[in-house]
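Peer 1: Contents of query01.tsv (TSV, N, CA and C atoms and all ligand atoms):
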```tsv
chain	number	residue	atom	x	y	z
A	1	MET	N	0.83	-1.21	0.00
A	1	MET	CA	0.00	0.00	0.00
A	1	MET	C	0.86	1.26	0.00
A	2	ALA	N	0.52	2.09	-0.93
A	2	ALA	CA	1.29	3.32	-1.00
A	2	ALA	C	0.67	4.37	-0.09
A	3	THR	N	1.48	5.06	0.58
A	3	THR	CA	0.97	6.20	1.35
A	3	THR	C	1.18	7.47	0.53
A	4	ILE	N	0.21	8.32	0.56
A	4	ILE	CA	0.33	9.56	-0.21
A	4	ILE	C	0.98	10.62	0.67
A	5	ASN	N	2.06	11.09	0.13
A	5	ASN	CA	2.73	12.17	0.85
A	5	ASN	C	2.20	13.52	0.39
A	6	ARG	N	1.48	14.17	1.23
A	6	ARG	CA	1.02	15.51	0.84
A	6	ARG	C	2.10	16.52	1.20
A	7	PRO	N	2.37	17.37	0.27
A	7	PRO	CA	3.33	18.42	0.63
A	7	PRO	C	2.77	19.26	1.77
A	8	SER	N	3.59	19.45	2.77
A	8	SER	CA	3.08	20.23	3.90
A	8	SER	C	3.05	21.72	3.53
A	9	ARG	N	1.91	22.29	3.77
A	9	ARG	CA	1.76	23.70	3.41
A	9	ARG	C	2.38	24.59	4.49
A	10	PRO	N	3.07	25.64	4.08
A	10	PRO	CA	3.58	26.55	5.11
A	10	PRO	C	2.42	27.21	5.85
A	11	LYS	N	2.56	27.31	7.14
A	11	LYS	CA	1.51	27.95	7.94
A	11	LYS	C	1.49	29.45	7.62
A	12	PRO	N	0.34	30.09	7.77
A	12	PRO	CA	0.32	31.56	7.64
A	12	PRO	C	1.40	32.11	8.56
A	13	SER	N	2.31	32.77	7.94
A	13	SER	CA	3.58	32.97	8.60
A	13	SER	C	3.53	33.97	9.74
A	14	ALA	N	3.89	33.50	10.89
A	14	ALA	CA	4.01	34.40	12.04
A	14	ALA	C	5.21	35.31	11.83
A	15	GLN	N	6.17	34.78	11.08
A	15	GLN	CA	7.37	35.57	10.81
A	15	GLN	C	7.03	36.81	10.00
A	16	GLN	N	6.18	36.59	8.97
A	16	GLN	CA	5.79	37.73	8.14
A	16	GLN	C	5.09	38.81	8.95
A	17	ALA	N	4.22	38.36	9.86
A	17	ALA	CA	3.51	39.32	10.69
A	17	ALA	C	4.49	40.11	11.56
A	18	ALA	N	5.51	39.40	12.04
A	18	ALA	CA	6.50	40.06	12.88
A	18	ALA	C	7.28	41.10	12.08
A	19	ILE	N	7.61	40.75	10.83
A	19	ILE	CA	8.34	41.69	9.97
A	19	ILE	C	7.50	42.93	9.72
A	20	ARG	N	6.22	42.69	9.42
A	20	ARG	CA	5.33	43.82	9.16
A	20	ARG	C	5.24	44.74	10.38
A	21	ALA	N	5.13	44.14	11.55
A	21	ALA	CA	5.04	44.93	12.77
A	21	ALA	C	6.31	45.74	12.99
A	22	ALA	N	7.44	45.09	12.71
A	22	ALA	CA	8.71	45.78	12.89
A	22	ALA	C	8.83	46.96	11.92
A	23	LEU	N	8.38	46.75	10.69
A	23	LEU	CA	8.45	47.81	9.68
A	23	LEU	C	7.60	49.00	10.08
A	24	SER	N	6.37	48.73	10.54
A	24	SER	CA	5.50	49.85	10.86
A	24	SER	C	6.01	50.57	12.10
A	25	ALA	N	6.64	49.84	13.01
A	25	ALA	CA	7.22	50.49	14.19
A	25	ALA	C	8.35	51.41	13.76
A	26	GLN	N	9.10	50.96	12.78
A	26	GLN	CA	10.21	51.76	12.28
A	26	GLN	C	9.71	53.06	11.66
A	27	GLN	N	8.61	52.94	10.91
A	27	GLN	CA	8.05	54.14	10.28
A	27	GLN	C	7.55	55.12	11.32
A	28	GLN	N	6.94	54.56	12.40
A	28	GLN	CA	6.40	55.45	13.42
A	28	GLN	C	7.51	56.15	14.19
A	29	SER	N	8.66	55.48	14.31
A	29	SER	CA	9.74	56.10	15.06
A	29	SER	C	10.43	57.19	14.25
A	30	ASN	N	9.98	57.38	13.03
A	30	ASN	CA	10.60	58.37	12.15
A	30	ASN	C	9.56	59.37	11.62
A	31	PRO	N	8.91	60.12	12.54
A	31	PRO	CA	7.78	60.94	12.10
A	31	PRO	C	8.18	62.06	11.14
A	32	ASN	N	9.46	62.45	11.18
A	32	ASN	CA	9.87	63.56	10.31
A	32	ASN	C	10.17	63.14	8.89
A	33	GLN	N	10.22	61.83	8.68
A	33	GLN	CA	10.58	61.36	7.36
A	33	GLN	C	9.52	61.79	6.35
A	34	GLY	N	9.97	62.33	5.24
A	34	GLY	CA	9.03	62.73	4.20
A	34	GLY	C	8.44	64.10	4.41
A	35	ARG	N	8.73	64.73	5.54
A	35	ARG	CA	8.19	66.08	5.73
A	35	ARG	C	9.07	67.05	4.95
A	36	GLU	N	8.45	67.83	4.08
A	36	GLU	CA	9.21	68.73	3.22
A	36	GLU	C	9.53	70.02	3.95
A	37	ASN	N	10.71	70.52	3.75
A	37	ASN	CA	11.04	71.86	4.21
A	37	ASN	C	10.43	72.86	3.22
A	38	PRO	N	9.47	73.67	3.66
A	38	PRO	CA	8.77	74.54	2.71
A	38	PRO	C	9.69	75.57	2.08
A	39	HIS	N	10.79	75.92	2.75
A	39	HIS	CA	11.69	76.94	2.19
A	39	HIS	C	12.63	76.36	1.14
A	40	ARG	N	12.80	75.06	1.19
A	40	ARG	CA	13.74	74.45	0.24
A	40	ARG	C	13.26	74.70	-1.19
A	41	GLU	N	11.95	74.70	-1.33
A	41	GLU	CA	11.38	74.93	-2.65
A	41	GLU	C	11.77	76.32	-3.18
A	42	ILE	N	11.75	77.30	-2.29
A	42	ILE	CA	12.09	78.67	-2.71
A	42	ILE	C	13.58	78.78	-2.99
A	43	TYR	N	14.40	78.38	-2.00
A	43	TYR	CA	15.85	78.56	-2.15
A	43	TYR	C	16.44	77.67	-3.24
A	44	GLY	N	15.74	76.60	-3.56
A	44	GLY	CA	16.25	75.73	-4.62
A	44	GLY	C	15.80	76.16	-6.01
A	45	SER	N	14.87	77.12	-6.08
A	45	SER	CA	14.30	77.48	-7.37
A	45	SER	C	15.22	78.41	-8.16
A	46	SER	N	15.10	78.33	-9.49
A	46	SER	CA	15.95	79.20	-10.31
A	46	SER	C	15.47	80.64	-10.19
A	47	ARG	N	14.19	80.81	-9.86
A	47	ARG	CA	13.67	82.17	-9.66
A	47	ARG	C	14.39	82.85	-8.50
A	48	TRP	N	14.57	82.09	-7.39
A	48	TRP	CA	15.25	82.67	-6.25
A	48	TRP	C	16.72	82.93	-6.56
A	49	LYS	N	17.36	81.97	-7.25
A	49	LYS	CA	18.79	82.13	-7.55
A	49	LYS	C	19.02	83.39	-8.38
A	50	LYS	N	18.13	83.62	-9.35
A	50	LYS	CA	18.24	84.81	-10.19
A	50	LYS	C	18.03	86.07	-9.36
A	51	LEU	N	16.96	86.06	-8.55
A	51	LEU	CA	16.63	87.23	-7.74
A	51	LEU	C	17.77	87.54	-6.78
A	52	SER	N	18.28	86.51	-6.11
A	52	SER	CA	19.31	86.76	-5.11
A	52	SER	C	20.61	87.20	-5.77
A	53	LYS	N	20.90	86.67	-6.95
A	53	LYS	CA	22.13	87.07	-7.62
A	53	LYS	C	22.07	88.53	-8.07
A	54	SER	N	20.95	88.91	-8.67
A	54	SER	CA	20.86	90.29	-9.14
A	54	SER	C	20.83	91.24	-7.94
A	55	PHE	N	20.24	90.79	-6.83
A	55	PHE	CA	20.23	91.63	-5.63
A	55	PHE	C	21.65	91.81	-5.10
A	56	ARG	N	22.41	90.73	-5.07
A	56	ARG	CA	23.78	90.81	-4.57
A	56	ARG	C	24.67	91.64	-5.50
A	57	ASP	N	24.36	91.56	-6.81
A	57	ASP	CA	25.13	92.38	-7.74
A	57	ASP	C	24.91	93.86	-7.47
A	58	LYS	N	23.66	94.20	-7.14
A	58	LYS	CA	23.35	95.61	-6.89
A	58	LYS	C	23.77	96.05	-5.50
A	59	ASN	N	23.89	95.09	-4.59
A	59	ASN	CA	24.23	95.41	-3.20
A	59	ASN	C	25.43	94.58	-2.75
A	60	PRO	N	26.61	94.97	-3.22
A	60	PRO	CA	27.79	94.11	-3.00
A	60	PRO	C	28.35	94.17	-1.58
A	61	LEU	N	27.81	95.08	-0.74
A	61	LEU	CA	28.38	95.20	0.61
A	61	LEU	C	27.34	94.93	1.69
A	62	CYS	N	27.79	94.27	2.77
A	62	CYS	CA	26.92	93.94	3.89
A	62	CYS	C	26.34	95.21	4.50
A	63	ARG	N	25.02	95.24	4.63
A	63	ARG	CA	24.35	96.44	5.13
A	63	ARG	C	24.67	96.68	6.60
A	64	GLN	N	24.69	95.63	7.40
A	64	GLN	CA	24.92	95.83	8.84
A	64	GLN	C	26.36	96.25	9.12
A	65	CYS	N	27.29	95.66	8.38
A	65	CYS	CA	28.69	96.06	8.57
A	65	CYS	C	28.89	97.51	8.15
A	66	LYS	N	28.20	97.90	7.07
A	66	LYS	CA	28.31	99.26	6.57
A	66	LYS	C	27.89	100.26	7.63
A	67	GLN	N	26.86	99.91	8.40
A	67	GLN	CA	26.37	100.82	9.44
A	67	GLN	C	27.41	101.05	10.52
A	68	THR	N	28.32	100.09	10.70
A	68	THR	CA	29.36	100.28	11.70
A	68	THR	C	30.68	100.69	11.05
A	69	GLY	N	30.60	101.07	9.77
A	69	GLY	CA	31.77	101.60	9.11
A	69	GLY	C	32.69	100.56	8.49
A	70	ARG	N	32.27	99.30	8.51
A	70	ARG	CA	33.11	98.27	7.90
A	70	ARG	C	32.60	97.96	6.49
A	71	LEU	N	33.49	97.60	5.61
A	71	LEU	CA	33.10	97.22	4.26
A	71	LEU	C	33.34	95.72	4.09
A	72	THR	N	32.26	94.97	4.10
A	72	THR	CA	32.36	93.51	4.00
A	72	THR	C	31.52	93.06	2.82
A	73	PRO	N	32.07	92.18	2.00
A	73	PRO	CA	31.30	91.74	0.83
A	73	PRO	C	30.03	90.97	1.23
A	74	THR	N	28.99	91.18	0.44
A	74	THR	CA	27.72	90.48	0.68
A	74	THR	C	27.88	88.98	0.48
A	75	TYR	N	27.35	88.23	1.43
A	75	TYR	CA	27.38	86.78	1.31
A	75	TYR	C	26.04	86.28	0.78
A	76	CYS	N	24.94	86.90	1.22
A	76	CYS	CA	23.65	86.42	0.77
A	76	CYS	C	22.60	87.52	0.84
A	77	ALA	N	21.52	87.30	0.11
A	77	ALA	CA	20.36	88.18	0.22
A	77	ALA	C	19.50	87.62	1.33
A	78	ASP	N	19.38	88.39	2.41
A	78	ASP	CA	18.67	87.90	3.59
A	78	ASP	C	17.27	88.48	3.63
A	79	HIS	N	16.31	87.67	4.09
A	79	HIS	CA	14.95	88.18	4.26
A	79	HIS	C	14.86	88.93	5.59
A	80	ILE	N	14.53	90.22	5.51
A	80	ILE	CA	14.44	91.03	6.72
A	80	ILE	C	13.38	90.44	7.64
A	81	VAL	N	12.17	90.23	7.10
A	81	VAL	CA	11.16	89.48	7.83
A	81	VAL	C	11.25	88.04	7.34
A	82	PRO	N	11.66	87.11	8.20
A	82	PRO	CA	11.86	85.73	7.75
A	82	PRO	C	10.59	85.15	7.13
A	83	ILE	N	10.78	84.26	6.17
A	83	ILE	CA	9.64	83.67	5.47
A	83	ILE	C	8.73	82.95	6.45
A	84	ASN	N	9.33	82.26	7.40
A	84	ASN	CA	8.49	81.51	8.35
A	84	ASN	C	7.80	82.42	9.36
A	85	GLU	N	8.09	83.72	9.28
A	85	GLU	CA	7.34	84.66	10.13
A	85	GLU	C	6.44	85.52	9.27
A	86	GLY	N	6.20	85.10	8.04
A	86	GLY	CA	5.24	85.79	7.19
A	86	GLY	C	5.85	86.74	6.19
A	87	GLY	N	7.19	86.80	6.11
A	87	GLY	CA	7.84	87.68	5.15
A	87	GLY	C	7.62	87.22	3.72
A	88	ASP	N	7.61	88.18	2.80
A	88	ASP	CA	7.43	87.84	1.39
A	88	ASP	C	8.78	87.46	0.79
A	89	PRO	N	8.92	86.20	0.33
A	89	PRO	CA	10.22	85.77	-0.19
A	89	PRO	C	10.62	86.48	-1.49
A	90	TRP	N	9.65	87.04	-2.22
A	90	TRP	CA	9.95	87.61	-3.53
A	90	TRP	C	9.98	89.12	-3.53
A	91	ASP	N	9.76	89.76	-2.37
A	91	ASP	CA	9.73	91.22	-2.32
A	91	ASP	C	11.14	91.76	-2.08
A	92	ILE	N	11.63	92.51	-3.09
A	92	ILE	CA	12.97	93.10	-2.97
A	92	ILE	C	13.07	93.97	-1.72
A	93	GLY	N	11.95	94.60	-1.35
A	93	GLY	CA	11.94	95.44	-0.16
A	93	GLY	C	12.12	94.65	1.12
A	94	ASN	N	11.96	93.34	1.03
A	94	ASN	CA	12.15	92.49	2.20
A	94	ASN	C	13.54	91.85	2.21
A	95	LEU	N	14.42	92.33	1.32
A	95	LEU	CA	15.76	91.75	1.25
A	95	LEU	C	16.81	92.74	1.76
A	96	GLN	N	17.85	92.21	2.37
A	96	GLN	CA	19.00	93.03	2.73
A	96	GLN	C	20.27	92.24	2.47
A	97	PRO	N	21.32	92.93	2.03
A	97	PRO	CA	22.58	92.23	1.80
A	97	PRO	C	23.30	92.01	3.12
A	98	LEU	N	23.69	90.78	3.39
A	98	LEU	CA	24.42	90.48	4.62
A	98	LEU	C	25.66	89.66	4.32
A	99	CYS	N	26.70	89.88	5.12
A	99	CYS	CA	27.86	89.01	5.02
A	99	CYS	C	27.59	87.73	5.82
A	100	LEU	N	28.49	86.79	5.72
A	100	LEU	CA	28.27	85.50	6.38
A	100	LEU	C	28.09	85.66	7.89
A	101	LYS	N	28.95	86.46	8.52
A	101	LYS	CA	28.89	86.64	9.97
A	101	LYS	C	27.57	87.24	10.42
A	102	CYS	N	27.18	88.33	9.72
A	102	CYS	CA	25.94	89.00	10.11
A	102	CYS	C	24.75	88.07	9.89
A	103	HIS	N	24.82	87.30	8.82
A	103	HIS	CA	23.72	86.38	8.53
A	103	HIS	C	23.62	85.30	9.60
A	104	GLN	N	24.77	84.78	10.02
A	104	GLN	CA	24.77	83.75	11.06
A	104	GLN	C	24.24	84.31	12.38
A	105	ARG	N	24.64	85.54	12.68
A	105	ARG	CA	24.19	86.16	13.92
A	105	ARG	C	22.67	86.33	13.90
A	106	LYS	N	22.16	86.76	12.73
A	106	LYS	CA	20.72	86.99	12.61
A	106	LYS	C	19.96	85.67	12.70
A	107	SER	N	20.46	84.64	12.03
A	107	SER	CA	19.80	83.33	12.07
A	107	SER	C	19.78	82.78	13.49
A	108	ALA	N	20.88	82.98	14.20
A	108	ALA	CA	20.95	82.48	15.58
A	108	ALA	C	19.91	83.17	16.43
A	109	LYS	N	19.76	84.49	16.24
A	109	LYS	CA	18.77	85.24	16.99
A	109	LYS	C	17.37	84.73	16.68
A	110	GLU	N	17.13	84.48	15.38
A	110	GLU	CA	15.79	84.04	14.98
A	110	GLU	C	15.44	82.68	15.56
A	111	SER	N	16.41	81.75	15.56
A	111	SER	CA	16.08	80.43	16.09
A	111	SER	C	15.94	80.50	17.61
A	112	HIS	N	16.62	81.46	18.22
A	112	HIS	CA	16.51	81.65	19.66
A	112	HIS	C	15.12	82.16	20.00
A	113	ARG	N	14.61	83.07	19.14
A	113	ARG	CA	13.31	83.67	19.37
A	113	ARG	C	12.21	82.62	19.41
A	114	LYS	N	12.37	81.61	18.50
A	114	LYS	CA	11.32	80.60	18.35
A	114	LYS	C	11.17	79.74	19.62
A	115	SER	N	12.28	79.45	20.32
A	115	SER	CA	12.18	78.50	21.41
A	115	SER	C	11.74	79.16	22.71
B	1	ZN	ZN	28.20	91.98	7.95
```
Let's see the structure in the file written out as C-alpha cells.
Ligand SMILES: [Zn+2]

Peer 2:
Amino acid sequence: MATINRPSRPKPSAQQAAIRAALSAQQQSNPNQGRENPHREIYGSSRWKKLSKSFRDKNPLCRQCKQTGRLTPTYCADHIVPINEGGDPWDIGNLQPLCLKCHQRKSAKESHRKS
C-alpha cells in the first residue's frame, strides 16, 4: 500500500507578521521622514537664484557692517522678515545684503526667538 505524501503547506507565517510589525514600528519612530522643508522649494528654485544674484550684484556690501563703518562683501540676500514669520520671499523690499557673519548672527537670533 502506498501512502500519499502531501506536501506540507507553510503555515500563515508568524514571521511575516513580525516583519510587518517591525516595519510599521520603524516608520512610526521616524515621524519627520518625508516632511518637506517649505523653504527648500524657494531657495532651490531658479527664480530665487536669479533674484538673489541680481540683488547681490546691486548690493555688494553687507548692510549691517556698513552701518558700523566696515566694508564687508555680501554673502547672501537675507529676508528682513523671515519667510516663516510671514515675510514675502519675492519682495525686494524684504531683502538686505548680509555678510556670512551677520547672517549667522541673525539666524541664531531668529532660532533663539522661536524656542
Ligand atoms: Zn556683515

Peer 1: Expressed in Å to a single decimal, how great is the separation between atom N of Thr74 (chain A) and atom C of Glu41 (chain A)?

Peer 2: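 Atom C of Glu41 (chain A) lies 23.0 Å from atom N of Thr74 (chain A).
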
Peer 1: Please extract the residues at most 7 Å from ligand ZN 1 (chain B), counting all atoms listed in the file, and provide them as a PDB file with N, CA and C atoms, keeping the file's coordinate frame, using the chain letters and residue numbers of this document.

Peer 2:
```
ATOM      1  N   LEU A  61      27.810  95.080  -0.740  1.00  0.00           N
ATOM      2  CA  LEU A  61      28.380  95.200   0.610  1.00  0.00           C
ATOM      3  C   LEU A  61      27.340  94.930   1.690  1.00  0.00           C
ATOM      4  N   CYS A  62      27.790  94.270   2.770  1.00  0.00           N
ATOM      5  CA  CYS A  62      26.920  93.940   3.890  1.00  0.00           C
ATOM      6  C   CYS A  62      26.340  95.210   4.500  1.00  0.00           C
ATOM      7  N   ARG A  63      25.020  95.240   4.630  1.00  0.00           N
ATOM      8  CA  ARG A  63      24.350  96.440   5.130  1.00  0.00           C
ATOM      9  C   ARG A  63      24.670  96.680   6.600  1.00  0.00           C
ATOM     10  N   GLN A  64      24.690  95.630   7.400  1.00  0.00           N
ATOM     11  CA  GLN A  64      24.920  95.830   8.840  1.00  0.00           C
ATOM     12  C   GLN A  64      26.360  96.250   9.120  1.00  0.00           C
ATOM     13  N   CYS A  65      27.290  95.660   8.380  1.00  0.00           N
ATOM     14  CA  CYS A  65      28.690  96.060   8.570  1.00  0.00           C
ATOM     15  C   CYS A  65      28.890  97.510   8.150  1.00  0.00           C
ATOM     16  N   LYS A  66      28.200  97.900   7.070  1.00  0.00           N
ATOM     17  CA  LYS A  66      28.310  99.260   6.570  1.00  0.00           C
ATOM     18  C   LYS A  66      27.890 100.260   7.630  1.00  0.00           C
ATOM     19  N   THR A  72      32.260  94.970   4.100  1.00  0.00           N
ATOM     20  CA  THR A  72      32.360  93.510   4.000  1.00  0.00           C
ATOM     21  C   THR A  72      31.520  93.060   2.820  1.00  0.00           C
ATOM     22  N   PRO A  97      21.320  92.930   2.030  1.00  0.00           N
ATOM     23  CA  PRO A  97      22.580  92.230   1.800  1.00  0.00           C
ATOM     24  C   PRO A  97      23.300  92.010   3.120  1.00  0.00           C
ATOM     25  N   LEU A  98      23.690  90.780   3.390  1.00  0.00           N
ATOM     26  CA  LEU A  98      24.420  90.480   4.620  1.00  0.00           C
ATOM     27  C   LEU A  98      25.660  89.660   4.320  1.00  0.00           C
ATOM     28  N   CYS A  99      26.700  89.880   5.120  1.00  0.00           N
ATOM     29  CA  CYS A  99      27.860  89.010   5.020  1.00  0.00           C
ATOM     30  C   CYS A  99      27.590  87.730   5.820  1.00  0.00           C
ATOM     31  N   LEU A 100      28.490  86.790   5.720  1.00  0.00           N
ATOM     32  CA  LEU A 100      28.270  85.500   6.380  1.00  0.00           C
ATOM     33  C   LEU A 100      28.090  85.660   7.890  1.00  0.00           C
ATOM     34  N   LYS A 101      28.950  86.460   8.520  1.00  0.00           N
ATOM     35  CA  LYS A 101      28.890  86.640   9.970  1.00  0.00           C
ATOM     36  C   LYS A 101      27.570  87.240  10.420  1.00  0.00           C
ATOM     37  N   CYS A 102      27.180  88.330   9.720  1.00  0.00           N
ATOM     38  CA  CYS A 102      25.940  89.000  10.110  1.00  0.00           C
ATOM     39  C   CYS A 102      24.750  88.070   9.890  1.00  0.00           C
ATOM     40  N   HIS A 103      24.820  87.300   8.820  1.00  0.00           N
ATOM     41  CA  HIS A 103      23.720  86.380   8.530  1.00  0.00           C
ATOM     42  C   HIS A 103      23.620  85.300   9.600  1.00  0.00           C
TER      43      HIS A 103
END
```

Peer 1: Just asking: which residues within chain A are strand (DSSP E or B) according to DSSP, as JSON, numbers by chain?

Peer 2: {"A": [61, 73, 76, 77, 78, 79, 95, 96, 97, 98]}

Peer 1: Could you tell me how far atom N of His112 (chain A) sits from CA of Ser54 (chain A), in Å to one decimal place?

Peer 2: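 Result for CA of Ser54 (chain A) versus atom N of His112 (chain A): 29.1 Å, one decimal.
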
Peer 1: What is the atom C of Ser8 (chain A) to CA of Arg20 (chain A) distance in Å?

Peer 2: 22.9 Å

Peer 1: Find the residues around region 89-93 of chain A up to 12 Å (only C-alpha atoms counted), leave out those fewer than 2 positions away in its own chain, and share them as a short mmCIF file (atom, residue, chain, number, x, y, z; two decimals) with N, CA and C atoms, in the frame of the given file.

Peer 2:
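Below is the file part.cif, written as the result:
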```cif
data_model
loop_
_atom_site.label_atom_id
_atom_site.label_comp_id
_atom_site.auth_asym_id
_atom_site.auth_seq_id
_atom_site.Cartn_x
_atom_site.Cartn_y
_atom_site.Cartn_z
N PRO A 38 9.47 73.67 3.66
CA PRO A 38 8.77 74.54 2.71
C PRO A 38 9.69 75.57 2.08
N HIS A 39 10.79 75.92 2.75
CA HIS A 39 11.69 76.94 2.19
C HIS A 39 12.63 76.36 1.14
N ARG A 40 12.80 75.06 1.19
CA ARG A 40 13.74 74.45 0.24
C ARG A 40 13.26 74.70 -1.19
N GLU A 41 11.95 74.70 -1.33
CA GLU A 41 11.38 74.93 -2.65
C GLU A 41 11.77 76.32 -3.18
N ILE A 42 11.75 77.30 -2.29
CA ILE A 42 12.09 78.67 -2.71
C ILE A 42 13.58 78.78 -2.99
N TYR A 43 14.40 78.38 -2.00
CA TYR A 43 15.85 78.56 -2.15
C TYR A 43 16.44 77.67 -3.24
N SER A 45 14.87 77.12 -6.08
CA SER A 45 14.30 77.48 -7.37
C SER A 45 15.22 78.41 -8.16
N ARG A 47 14.19 80.81 -9.86
CA ARG A 47 13.67 82.17 -9.66
C ARG A 47 14.39 82.85 -8.50
N TRP A 48 14.57 82.09 -7.39
CA TRP A 48 15.25 82.67 -6.25
C TRP A 48 16.72 82.93 -6.56
N LYS A 49 17.36 81.97 -7.25
CA LYS A 49 18.79 82.13 -7.55
C LYS A 49 19.02 83.39 -8.38
N LYS A 50 18.13 83.62 -9.35
CA LYS A 50 18.24 84.81 -10.19
C LYS A 50 18.03 86.07 -9.36
N LEU A 51 16.96 86.06 -8.55
CA LEU A 51 16.63 87.23 -7.74
C LEU A 51 17.77 87.54 -6.78
N SER A 52 18.28 86.51 -6.11
CA SER A 52 19.31 86.76 -5.11
C SER A 52 20.61 87.20 -5.77
N LYS A 53 20.90 86.67 -6.95
CA LYS A 53 22.13 87.07 -7.62
C LYS A 53 22.07 88.53 -8.07
N SER A 54 20.95 88.91 -8.67
CA SER A 54 20.86 90.29 -9.14
C SER A 54 20.83 91.24 -7.94
N PHE A 55 20.24 90.79 -6.83
CA PHE A 55 20.23 91.63 -5.63
C PHE A 55 21.65 91.81 -5.10
N ARG A 56 22.41 90.73 -5.07
CA ARG A 56 23.78 90.81 -4.57
C ARG A 56 24.67 91.64 -5.50
N LYS A 58 23.66 94.20 -7.14
CA LYS A 58 23.35 95.61 -6.89
C LYS A 58 23.77 96.05 -5.50
N ASN A 59 23.89 95.09 -4.59
CA ASN A 59 24.23 95.41 -3.20
C ASN A 59 25.43 94.58 -2.75
N ALA A 77 21.52 87.30 0.11
CA ALA A 77 20.36 88.18 0.22
C ALA A 77 19.50 87.62 1.33
N ASP A 78 19.38 88.39 2.41
CA ASP A 78 18.67 87.90 3.59
C ASP A 78 17.27 88.48 3.63
N HIS A 79 16.31 87.67 4.09
CA HIS A 79 14.95 88.18 4.26
C HIS A 79 14.86 88.93 5.59
N ILE A 80 14.53 90.22 5.51
CA ILE A 80 14.44 91.03 6.72
C ILE A 80 13.38 90.44 7.64
N VAL A 81 12.17 90.23 7.10
CA VAL A 81 11.16 89.48 7.83
C VAL A 81 11.25 88.04 7.34
N PRO A 82 11.66 87.11 8.20
CA PRO A 82 11.86 85.73 7.75
C PRO A 82 10.59 85.15 7.13
N ILE A 83 10.78 84.26 6.17
CA ILE A 83 9.64 83.67 5.47
C ILE A 83 8.73 82.95 6.45
N ASN A 84 9.33 82.26 7.40
CA ASN A 84 8.49 81.51 8.35
C ASN A 84 7.80 82.42 9.36
N GLU A 85 8.09 83.72 9.28
CA GLU A 85 7.34 84.66 10.13
C GLU A 85 6.44 85.52 9.27
N GLY A 86 6.20 85.10 8.04
CA GLY A 86 5.24 85.79 7.19
C GLY A 86 5.85 86.74 6.19
N GLY A 87 7.19 86.80 6.11
CA GLY A 87 7.84 87.68 5.15
C GLY A 87 7.62 87.22 3.72
N LEU A 95 14.42 92.33 1.32
CA LEU A 95 15.76 91.75 1.25
C LEU A 95 16.81 92.74 1.76
N GLN A 96 17.85 92.21 2.37
CA GLN A 96 19.00 93.03 2.73
C GLN A 96 20.27 92.24 2.47
N PRO A 97 21.32 92.93 2.03
CA PRO A 97 22.58 92.23 1.80
C PRO A 97 23.30 92.01 3.12
#
```
